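A.B. asks: Sharing final_10.cif here; it has mmCIF, C-alpha atoms.
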data_query
loop_
_atom_site.label_atom_id
_atom_site.label_comp_id
_atom_site.auth_asym_id
_atom_site.auth_seq_id
_atom_site.Cartn_x
_atom_site.Cartn_y
_atom_site.Cartn_z
CA MET A 1 -11.51 -11.34 19.30
CA PRO A 2 -15.25 -10.67 18.78
CA LEU A 3 -16.22 -8.14 16.13
CA PRO A 4 -17.66 -4.80 17.27
CA ALA A 5 -21.34 -3.98 16.73
CA THR A 6 -20.49 -0.44 15.63
CA ILE A 7 -17.49 1.12 13.88
CA LEU A 8 -16.19 4.56 12.93
CA GLU A 9 -16.11 5.83 9.36
CA TYR A 10 -15.56 9.16 7.63
CA ARG A 11 -18.01 10.72 5.19
CA LEU A 12 -18.21 13.90 3.11
CA PRO A 13 -21.77 15.22 3.56
CA LYS A 14 -20.70 18.34 1.66
CA VAL A 15 -17.97 18.62 -0.97
CA GLU A 16 -16.79 22.13 -0.19
CA GLY A 17 -13.33 21.10 1.04
CA PHE A 18 -11.73 18.61 3.39
CA HIS A 19 -12.94 20.61 6.40
CA CYS A 20 -16.28 18.88 5.64
CA LEU A 21 -14.92 15.45 6.63
CA THR A 22 -17.09 14.03 9.43
CA LEU A 23 -16.43 11.00 11.63
CA ASN A 24 -19.54 8.89 12.28
CA GLU A 25 -20.44 5.81 14.31
CA VAL A 26 -22.24 3.25 12.13
CA PRO A 27 -23.19 -0.44 12.32
CA LEU A 28 -20.62 -3.05 11.33
CA PRO A 29 -21.16 -3.96 7.64
CA THR A 30 -23.25 -7.03 6.89
CA LEU A 31 -21.54 -9.42 4.49
CA LYS A 32 -22.97 -10.73 1.24
CA ALA A 33 -22.18 -14.31 0.32
CA THR A 34 -19.24 -13.43 -1.96
CA GLN A 35 -17.73 -10.75 0.27
CA VAL A 36 -15.07 -10.66 2.95
CA LEU A 37 -14.83 -8.29 5.91
CA VAL A 38 -11.49 -6.52 6.17
CA LYS A 39 -10.23 -4.82 9.31
CA VAL A 40 -8.59 -1.70 7.92
CA HIS A 41 -5.12 -1.14 9.35
CA ALA A 42 -3.86 1.67 7.10
CA VAL A 43 -5.03 3.92 4.26
CA SER A 44 -2.86 6.07 1.99
CA ILE A 45 -4.01 9.51 0.81
CA GLN A 46 -3.64 10.90 -2.70
CA TYR A 47 -4.38 13.96 -4.84
CA ARG A 48 -7.67 12.44 -6.00
CA ASP A 49 -8.96 12.54 -2.41
CA LEU A 50 -8.52 16.32 -2.41
CA ASP A 51 -10.46 16.60 -5.68
CA VAL A 52 -13.33 14.51 -4.28
CA ALA A 53 -13.50 16.68 -1.15
CA ARG A 54 -13.41 19.91 -3.18
CA ASN A 55 -15.93 18.74 -5.81
CA THR A 56 -13.28 19.20 -8.51
CA TYR A 57 -12.96 15.51 -9.36
CA PRO A 58 -13.57 15.27 -13.14
CA MET A 59 -15.37 11.92 -12.88
CA PRO A 60 -18.67 10.88 -11.25
CA GLN A 61 -18.90 10.72 -7.48
CA LYS A 62 -21.79 9.75 -5.24
CA GLU A 63 -23.48 11.89 -2.63
CA ASN A 64 -22.01 11.78 0.89
CA PRO A 65 -19.26 9.25 0.09
CA VAL A 66 -16.92 7.45 2.40
CA PRO A 67 -13.64 8.81 0.93
CA GLY A 68 -10.37 7.03 0.30
CA SER A 69 -9.44 4.24 -2.09
CA ASP A 70 -6.23 2.57 -0.88
CA LEU A 71 -6.31 0.22 2.09
CA ALA A 72 -4.27 -2.52 3.67
CA GLY A 73 -5.85 -4.76 6.27
CA GLU A 74 -6.61 -8.25 7.48
CA ILE A 75 -9.56 -10.52 6.75
CA VAL A 76 -11.69 -11.01 9.87
CA ALA A 77 -14.77 -12.72 8.35
CA LEU A 78 -15.92 -14.32 5.09
CA GLY A 79 -19.30 -14.73 3.45
CA PRO A 80 -20.31 -18.37 2.82
CA GLU A 81 -19.41 -18.45 -0.88
CA ALA A 82 -16.12 -16.62 -0.30
CA ALA A 83 -15.26 -19.12 2.43
CA GLU A 84 -16.25 -22.11 0.28
CA ALA A 85 -14.00 -20.94 -2.57
CA GLY A 86 -11.03 -21.55 -0.27
CA LYS A 87 -8.72 -18.81 -1.59
CA TRP A 88 -8.93 -16.58 1.49
CA ARG A 89 -8.83 -17.24 5.22
CA VAL A 90 -9.32 -15.20 8.37
CA GLY A 91 -6.03 -13.51 9.18
CA ASP A 92 -4.84 -13.08 5.59
CA ARG A 93 -3.19 -9.69 4.93
CA VAL A 94 -4.72 -8.02 1.88
CA CYS A 95 -5.16 -4.91 -0.24
CA SER A 96 -8.14 -4.23 -2.46
CA ASN A 97 -7.91 -3.24 -6.08
CA PHE A 98 -8.84 0.41 -6.75
CA ALA A 99 -11.81 -0.57 -8.95
CA VAL A 100 -13.10 -3.69 -7.25
CA ASP A 101 -14.54 -5.31 -10.42
CA HIS A 102 -11.54 -4.55 -12.67
CA ILE A 103 -9.99 -8.01 -12.78
CA PHE A 104 -8.15 -8.25 -16.09
CA GLY A 105 -7.23 -6.22 -19.16
CA GLU A 106 -8.25 -2.66 -19.98
CA VAL A 107 -10.92 -1.10 -17.80
CA THR A 108 -14.56 -0.85 -18.96
CA GLU A 109 -17.05 1.86 -18.05
CA GLU A 110 -18.88 -0.58 -15.78
CA GLU A 111 -15.67 -1.59 -13.99
CA LYS A 112 -14.58 2.02 -13.61
CA ALA A 113 -17.87 2.71 -11.80
CA THR A 114 -16.73 0.32 -9.03
CA SER A 115 -13.79 2.54 -8.07
CA LEU A 116 -13.56 3.12 -4.34
CA GLY A 117 -13.89 6.53 -2.72
CA ALA A 118 -15.91 8.45 -5.35
CA PRO A 119 -18.53 6.53 -7.39
CA SER A 120 -18.74 4.03 -4.54
CA ASP A 121 -17.98 4.27 -0.82
CA GLY A 122 -14.30 4.16 0.01
CA VAL A 123 -12.03 2.81 2.70
CA LEU A 124 -11.62 5.48 5.39
CA THR A 125 -13.47 3.26 7.80
CA GLU A 126 -12.47 0.80 10.51
CA TYR A 127 -13.96 -2.23 8.70
CA LYS A 128 -14.75 -2.63 5.00
CA ALA A 129 -16.84 -5.27 3.21
CA LEU A 130 -15.28 -6.10 -0.15
CA PRO A 131 -15.88 -8.67 -2.90
CA ALA A 132 -13.38 -11.51 -2.54
CA HIS A 133 -12.39 -11.17 -6.20
CA ALA A 134 -11.02 -7.65 -5.56
CA LEU A 135 -8.33 -8.72 -3.11
CA VAL A 136 -4.57 -9.21 -3.51
CA ARG A 137 -2.11 -10.54 -0.97
CA ILE A 138 0.30 -8.13 0.67
CA PRO A 139 3.99 -8.89 -0.04
CA GLU A 140 5.36 -10.55 3.07
CA HIS A 141 8.15 -8.03 3.69
CA LEU A 142 5.79 -5.01 3.76
CA SER A 143 3.98 -3.54 6.76
CA TYR A 144 0.32 -2.54 6.57
CA GLN A 145 1.35 1.11 6.26
CA GLU A 146 3.69 0.33 3.37
CA ALA A 147 1.14 -1.91 1.63
CA SER A 148 -1.56 0.77 1.80
CA THR A 149 0.46 2.82 -0.71
CA LEU A 150 0.22 0.18 -3.45
CA PRO A 151 -3.36 0.15 -4.83
CA CYS A 152 -3.30 3.51 -6.64
CA ALA A 153 0.14 5.12 -6.76
CA ALA A 154 2.25 2.02 -7.25
CA LEU A 155 -0.15 0.29 -9.64
CA THR A 156 -0.58 3.46 -11.71
CA ALA A 157 3.18 3.73 -12.16
CA TYR A 158 3.54 0.02 -12.93
CA ASN A 159 0.69 0.07 -15.47
CA ALA A 160 2.23 3.12 -17.13
CA LEU A 161 5.64 1.48 -17.48
CA MET A 162 4.46 -2.05 -18.32
CA GLY A 163 1.58 -1.30 -20.71
CA PRO A 164 1.33 -2.13 -24.44
CA ASN A 165 4.89 -0.81 -24.98
CA PRO A 166 6.56 -2.16 -21.83
CA LEU A 167 9.72 -0.78 -20.32
CA LYS A 168 12.92 -2.66 -21.18
CA GLY A 169 16.23 -2.81 -19.40
CA GLY A 170 18.40 0.05 -20.70
CA ASP A 171 15.47 2.35 -21.47
CA THR A 172 15.45 5.93 -20.22
CA VAL A 173 12.50 7.14 -18.16
CA LEU A 174 11.53 10.70 -17.22
CA VAL A 175 9.60 11.05 -13.97
CA GLN A 176 7.96 14.38 -13.12
CA GLY A 177 8.05 15.35 -9.47
CA THR A 178 8.41 13.35 -6.27
CA GLY A 179 4.81 12.55 -5.35
CA GLY A 180 3.48 9.05 -4.81
CA VAL A 181 3.14 7.90 -8.43
CA SER A 182 6.41 9.54 -9.46
CA ILE A 183 8.47 7.98 -6.67
CA PHE A 184 7.01 4.55 -7.40
CA GLY A 185 7.76 5.11 -11.08
CA LEU A 186 11.37 5.84 -10.16
CA GLN A 187 11.67 2.75 -7.95
CA LEU A 188 9.96 0.38 -10.40
CA ALA A 189 11.95 1.67 -13.38
CA VAL A 190 15.27 1.32 -11.53
CA ALA A 191 14.26 -2.20 -10.43
CA SER A 192 13.59 -3.03 -14.09
CA GLY A 193 17.00 -1.86 -15.28
CA ALA A 194 16.11 1.58 -16.64
CA SER A 195 17.97 4.87 -16.32
CA VAL A 196 15.73 7.48 -14.67
CA ILE A 197 15.65 11.27 -14.93
CA VAL A 198 13.69 13.05 -12.18
CA THR A 199 12.44 16.65 -12.18
CA SER A 200 11.47 18.63 -9.09
CA SER A 201 11.38 22.21 -7.82
CA SER A 202 13.29 21.19 -4.68
CA ASP A 203 16.95 20.21 -4.43
CA GLU A 204 16.19 18.45 -1.13
CA LYS A 205 13.57 16.26 -2.82
CA LEU A 206 15.99 15.56 -5.67
CA LYS A 207 18.54 14.30 -3.13
CA ILE A 208 15.98 11.73 -1.99
CA ALA A 209 15.34 10.76 -5.61
CA LYS A 210 19.08 10.23 -6.09
CA SER A 211 19.20 7.98 -3.03
CA LEU A 212 16.47 5.86 -4.65
CA GLY A 213 18.51 5.36 -7.81
CA ALA A 214 17.79 8.35 -10.07
CA ALA A 215 20.61 8.75 -12.61
CA HIS A 216 19.92 12.39 -13.48
CA LEU A 217 18.28 15.24 -11.56
CA ILE A 218 16.71 18.44 -12.93
CA ASN A 219 15.43 21.32 -10.81
CA TYR A 220 12.78 22.86 -13.03
CA LYS A 221 12.83 26.11 -11.05
CA THR A 222 16.47 26.77 -11.86
CA THR A 223 16.19 25.00 -15.24
CA PRO A 224 12.76 26.03 -16.57
CA ASN A 225 13.60 24.65 -20.04
CA TRP A 226 13.95 21.18 -18.55
CA ASP A 227 13.12 19.57 -21.88
CA ASP A 228 16.36 20.99 -23.30
CA GLU A 229 18.26 19.40 -20.42
CA VAL A 230 16.58 16.04 -21.04
CA LEU A 231 17.64 16.18 -24.69
CA ARG A 232 21.19 17.09 -23.63
CA ILE A 233 21.31 14.13 -21.22
CA THR A 234 20.06 11.75 -23.93
CA ASN A 235 22.37 13.15 -26.65
CA GLY A 236 19.41 14.61 -28.52
CA LYS A 237 17.44 11.35 -28.71
CA GLY A 238 14.85 11.92 -25.99
CA VAL A 239 13.50 9.46 -23.42
CA ASP A 240 11.60 6.23 -24.01
CA HIS A 241 8.93 6.70 -21.31
CA ILE A 242 7.53 9.73 -19.49
CA LEU A 243 5.29 9.66 -16.43
CA GLU A 244 3.33 12.84 -17.13
CA VAL A 245 1.61 14.28 -14.05
CA GLY A 246 1.61 18.01 -14.83
CA GLY A 247 -1.09 17.90 -17.53
CA ASN A 248 -1.58 20.81 -19.89
CA ALA A 249 1.15 22.86 -18.21
CA THR A 250 3.88 20.34 -19.05
CA ILE A 251 2.64 18.14 -21.89
CA LEU A 252 4.26 20.11 -24.75
CA ARG A 253 7.66 20.01 -23.04
CA SER A 254 7.13 16.29 -22.43
CA ILE A 255 6.54 15.71 -26.13
CA ARG A 256 9.76 17.56 -26.91
CA ALA A 257 11.65 15.50 -24.31
CA ALA A 258 10.37 12.17 -25.66
CA ARG A 259 12.08 10.20 -28.40
CA PHE A 260 10.38 9.57 -31.75
CA GLY A 261 7.78 6.89 -31.03
CA GLY A 262 8.20 7.37 -27.28
CA VAL A 263 5.44 6.72 -24.74
CA ILE A 264 3.91 9.43 -22.58
CA SER A 265 1.68 8.08 -19.84
CA SER A 266 -0.87 10.75 -18.93
CA ILE A 267 -1.55 10.38 -15.22
CA GLY A 268 -2.34 13.76 -13.67
CA TYR A 269 -3.02 17.44 -14.17
CA VAL A 270 -1.46 19.10 -11.12
CA GLY A 271 0.24 21.82 -13.18
CA GLY A 272 -2.99 23.62 -14.12
CA GLN A 273 -4.11 24.96 -17.47
CA ALA A 274 -2.04 26.11 -20.45
CA ASP A 275 -2.36 26.57 -24.22
CA VAL A 276 -2.16 23.15 -25.88
CA SER A 277 -3.44 24.16 -29.32
CA GLU A 278 -0.28 22.74 -30.95
CA LEU A 279 -0.55 19.39 -29.17
CA LEU A 280 -1.92 17.28 -32.02
CA VAL A 281 0.64 18.47 -34.58
CA LYS A 282 3.53 17.86 -32.20
CA VAL A 283 2.27 14.36 -31.36
CA ILE A 284 1.97 13.44 -35.04
CA ASN A 285 5.36 14.94 -35.94
CA LYS A 286 7.15 12.62 -33.50
CA ALA A 287 4.79 9.61 -33.69
CA ILE A 288 4.33 9.96 -29.94
CA ILE A 289 2.11 7.49 -28.07
CA ILE A 290 0.04 9.17 -25.36
CA ARG A 291 -1.81 6.73 -23.09
CA GLY A 292 -4.22 7.68 -20.35
CA ILE A 293 -3.75 5.64 -17.18
CA LEU A 294 -6.72 4.62 -15.01
CA ILE A 295 -4.85 2.71 -12.30
CA GLY A 296 -4.86 -0.99 -13.32
CA SER A 297 -6.47 -4.40 -12.99
CA ARG A 298 -6.25 -6.88 -10.11
CA THR A 299 -4.13 -9.25 -12.19
CA ARG A 300 -1.71 -6.41 -12.99
CA PHE A 301 -1.61 -5.63 -9.24
CA GLU A 302 -0.61 -9.25 -8.57
CA GLU A 303 2.03 -9.05 -11.31
CA MET A 304 3.44 -5.85 -9.76
CA ASN A 305 3.57 -7.44 -6.32
CA ARG A 306 5.74 -10.25 -7.68
CA LEU A 307 8.32 -7.66 -8.78
CA ILE A 308 8.07 -5.79 -5.47
CA GLU A 309 8.60 -9.03 -3.57
CA ALA A 310 11.45 -10.22 -5.79
CA VAL A 311 13.53 -7.06 -5.28
CA LYS A 312 12.24 -6.39 -1.73
CA MET A 313 11.17 -2.89 -2.73
CA ARG A 314 9.97 -0.68 0.12
CA PRO A 315 7.53 2.18 -0.53
CA VAL A 316 8.59 5.67 0.51
CA ILE A 317 6.32 7.04 3.24
CA ASP A 318 6.72 10.70 4.07
CA LYS A 319 4.43 10.96 7.10
CA VAL A 320 1.87 8.92 9.04
CA PHE A 321 -1.24 10.44 10.65
CA ALA A 322 -3.67 9.02 13.20
CA PHE A 323 -7.20 8.15 12.02
CA ARG A 324 -8.72 11.00 13.99
CA ASP A 325 -6.22 13.42 12.40
CA LEU A 326 -7.48 12.81 8.87
CA ARG A 327 -8.02 16.50 8.13
CA GLN A 328 -4.36 17.18 8.91
CA ALA A 329 -3.39 14.41 6.50
CA TYR A 330 -5.44 16.05 3.75
CA GLU A 331 -3.90 19.42 4.58
CA TYR A 332 -0.40 17.98 4.31
CA GLN A 333 -1.28 16.35 0.98
CA ALA A 334 -2.53 19.73 -0.27
CA SER A 335 0.73 21.42 0.78
CA GLN A 336 2.69 19.26 -1.71
CA LYS A 337 5.62 19.20 0.72
CA HIS A 338 5.73 15.41 0.77
CA VAL A 339 8.02 12.96 -0.99
CA GLY A 340 6.34 9.62 -1.66
CA LYS A 341 3.15 8.81 0.20
CA ILE A 342 1.06 10.04 3.13
CA VAL A 343 -0.53 7.32 5.25
CA VAL A 344 -3.32 7.24 7.83
CA GLN A 345 -3.04 4.62 10.56
CA VAL A 346 -6.62 3.38 11.08
CA SER A 347 -6.32 0.43 13.45
CA LYS A 348 -4.77 0.91 16.87
CA ASP A 349 -3.45 -2.66 17.00
#
Output the file's structure in the form of structure tokens.

C.D. replies:
Amino acid sequence: MPLPATILEYRLPKVEGFHCLTLNEVPLPTLKATQVLVKVHAVSIQYRDLDVARNTYPMPQKENPVPGSDLAGEIVALGPEAAEAGKWRVGDRVCSNFAVDHIFGEVTEEEKATSLGAPSDGVLTEYKALPAHALVRIPEHLSYQEASTLPCAALTAYNALMGPNPLKGGDTVLVQGTGGVSIFGLQLAVASGASVIVTSSSDEKLKIAKSLGAAHLINYKTTPNWDDEVLRITNGKGVDHILEVGGNATILRSIRAARFGGVISSIGYVGGQADVSELLVKVINKAIIIRGILIGSRTRFEEMNRLIEAVKMRPVIDKVFAFRDLRQAYEYQASQKHVGKIVVQVSKD
């Protein structure tokens, strides 16, 4: 099928909220020698997209960006050097890494600046030109919609659990909430042989967590001292790993819930502000390791996909929106009613 001369893409000419999202007709991207052209089939939405739209994202973002960072699509054209390398072919199903130049190891400032959807244009577009070195193959058993959830949420959870102090079979993991990263953390930890504790304000969401393999459930509305409950469950020891998404509002309880020498992966800040003046003393007193997570490298993405393929893991998708209904997708993300991921279907075929 011939490629179109023009395509549709979203931009944020103003960052005053997601009502500023505008759909524009633009020329098809021109490929550089080392790039490939990807027909975007699906894009998943995340909390970061709300921050970018509201101008509350705590990292640099460009003017008038194409938003979105997580795509799944198919290669429809290759630049001459990308074609000559022989790794990719037209028709291959691919995702892009979140930061397109982050290939291996810990991220650098220069690699971080190549993150999609804020410092550089993102993926809420019908076709996207990407460097060939940024791509990973989609696990064969996953659809485009399912694969679109992997680049940020899944890889963040995997990097948190498999970092310098990797998860071991028999470890205990505490997962906060039932959003995208948290649900992937639950699934990946269970697949790796861990026992998982999940917190949520909703009994209905906790039922879903149980169906995905959670061993223990805590409703933090009815059990506000959830750290006490974690210590009770672990016979006073505390957990080995915590996926910390609440930020200042939950970090002190997380430290209390962790074992001596335990790992807290700092991922989000959805809980708002709170007094953390005692943080340093409490970290030292328990020899806690707190590690900030900035997604992960392409090689770590490939490593994660091997696990996903081996156990035939399927991402949890809460709801799918049409491309022209992007504002509704953002609104649903903002409502925090979802379990797992929210996906936008971009391609109609």

A.B. asks: Rank nothing, just name the residue among A:Lys32, A:Lys237, A:Lys62, A:His41 nearest to Leu78 of chain A, using only C-alpha atoms.

C.D. replies: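 Ranked by minimum distance to Leu78 of chain A, first place goes to A:Lys32.
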
A.B. asks: Which protein, DNA or RNA residues are at most 6 Å from (20.2, 16.2, -8.4) in the file's coordinates when you count only C-alpha atoms, listed as a PyMOL selection string?

C.D. replies: chain A and resi 206-207+217

A.B. asks: Can you check which parts of segment 90-123 of chain A lie within 10 Å of segment 6-13 of chain A? Per residue, the shortest pair of atoms and distance in Å to one decimal, counting all atoms listed in the file, sorted by chain and number, as a Markdown table.

C.D. replies:
| residue | atom | partner | partner_atom | distance |
| --- | --- | --- | --- | --- |
| A:Gly117 | CA | A:Arg11 | CA | 9.9 |
| A:Asp121 | CA | A:Arg11 | CA | 8.8 |
| A:Gly122 | CA | A:Arg11 | CA | 9.1 |
| A:Val123 | CA | A:Glu9 | CA | 8.4 |

A.B. asks: If the PyMOL selection byres ((chain A and resi 289) around 7) were run on this exact file, what residues would it hold? Put them as an MDAnalysis selection string.

C.D. replies: chainID A and resid 261:264 287:288 290:291

A.B. asks: For atom CA of Ala214 of chain A and atom CA of Val196 of chain A, quote the distance in Å rounded to one decimal.

C.D. replies: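 Computed distance, atom CA of Ala214 of chain A to atom CA of Val196 of chain A, equals 5.1 Å.
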
A.B. asks: I would like the residues chosen by the PyMOL selection byres ((chain A and resi 200) around 6) on the shown file; could you give them as a ChimeraX atom specification?

C.D. replies: /A:177,199,201-202,219-220
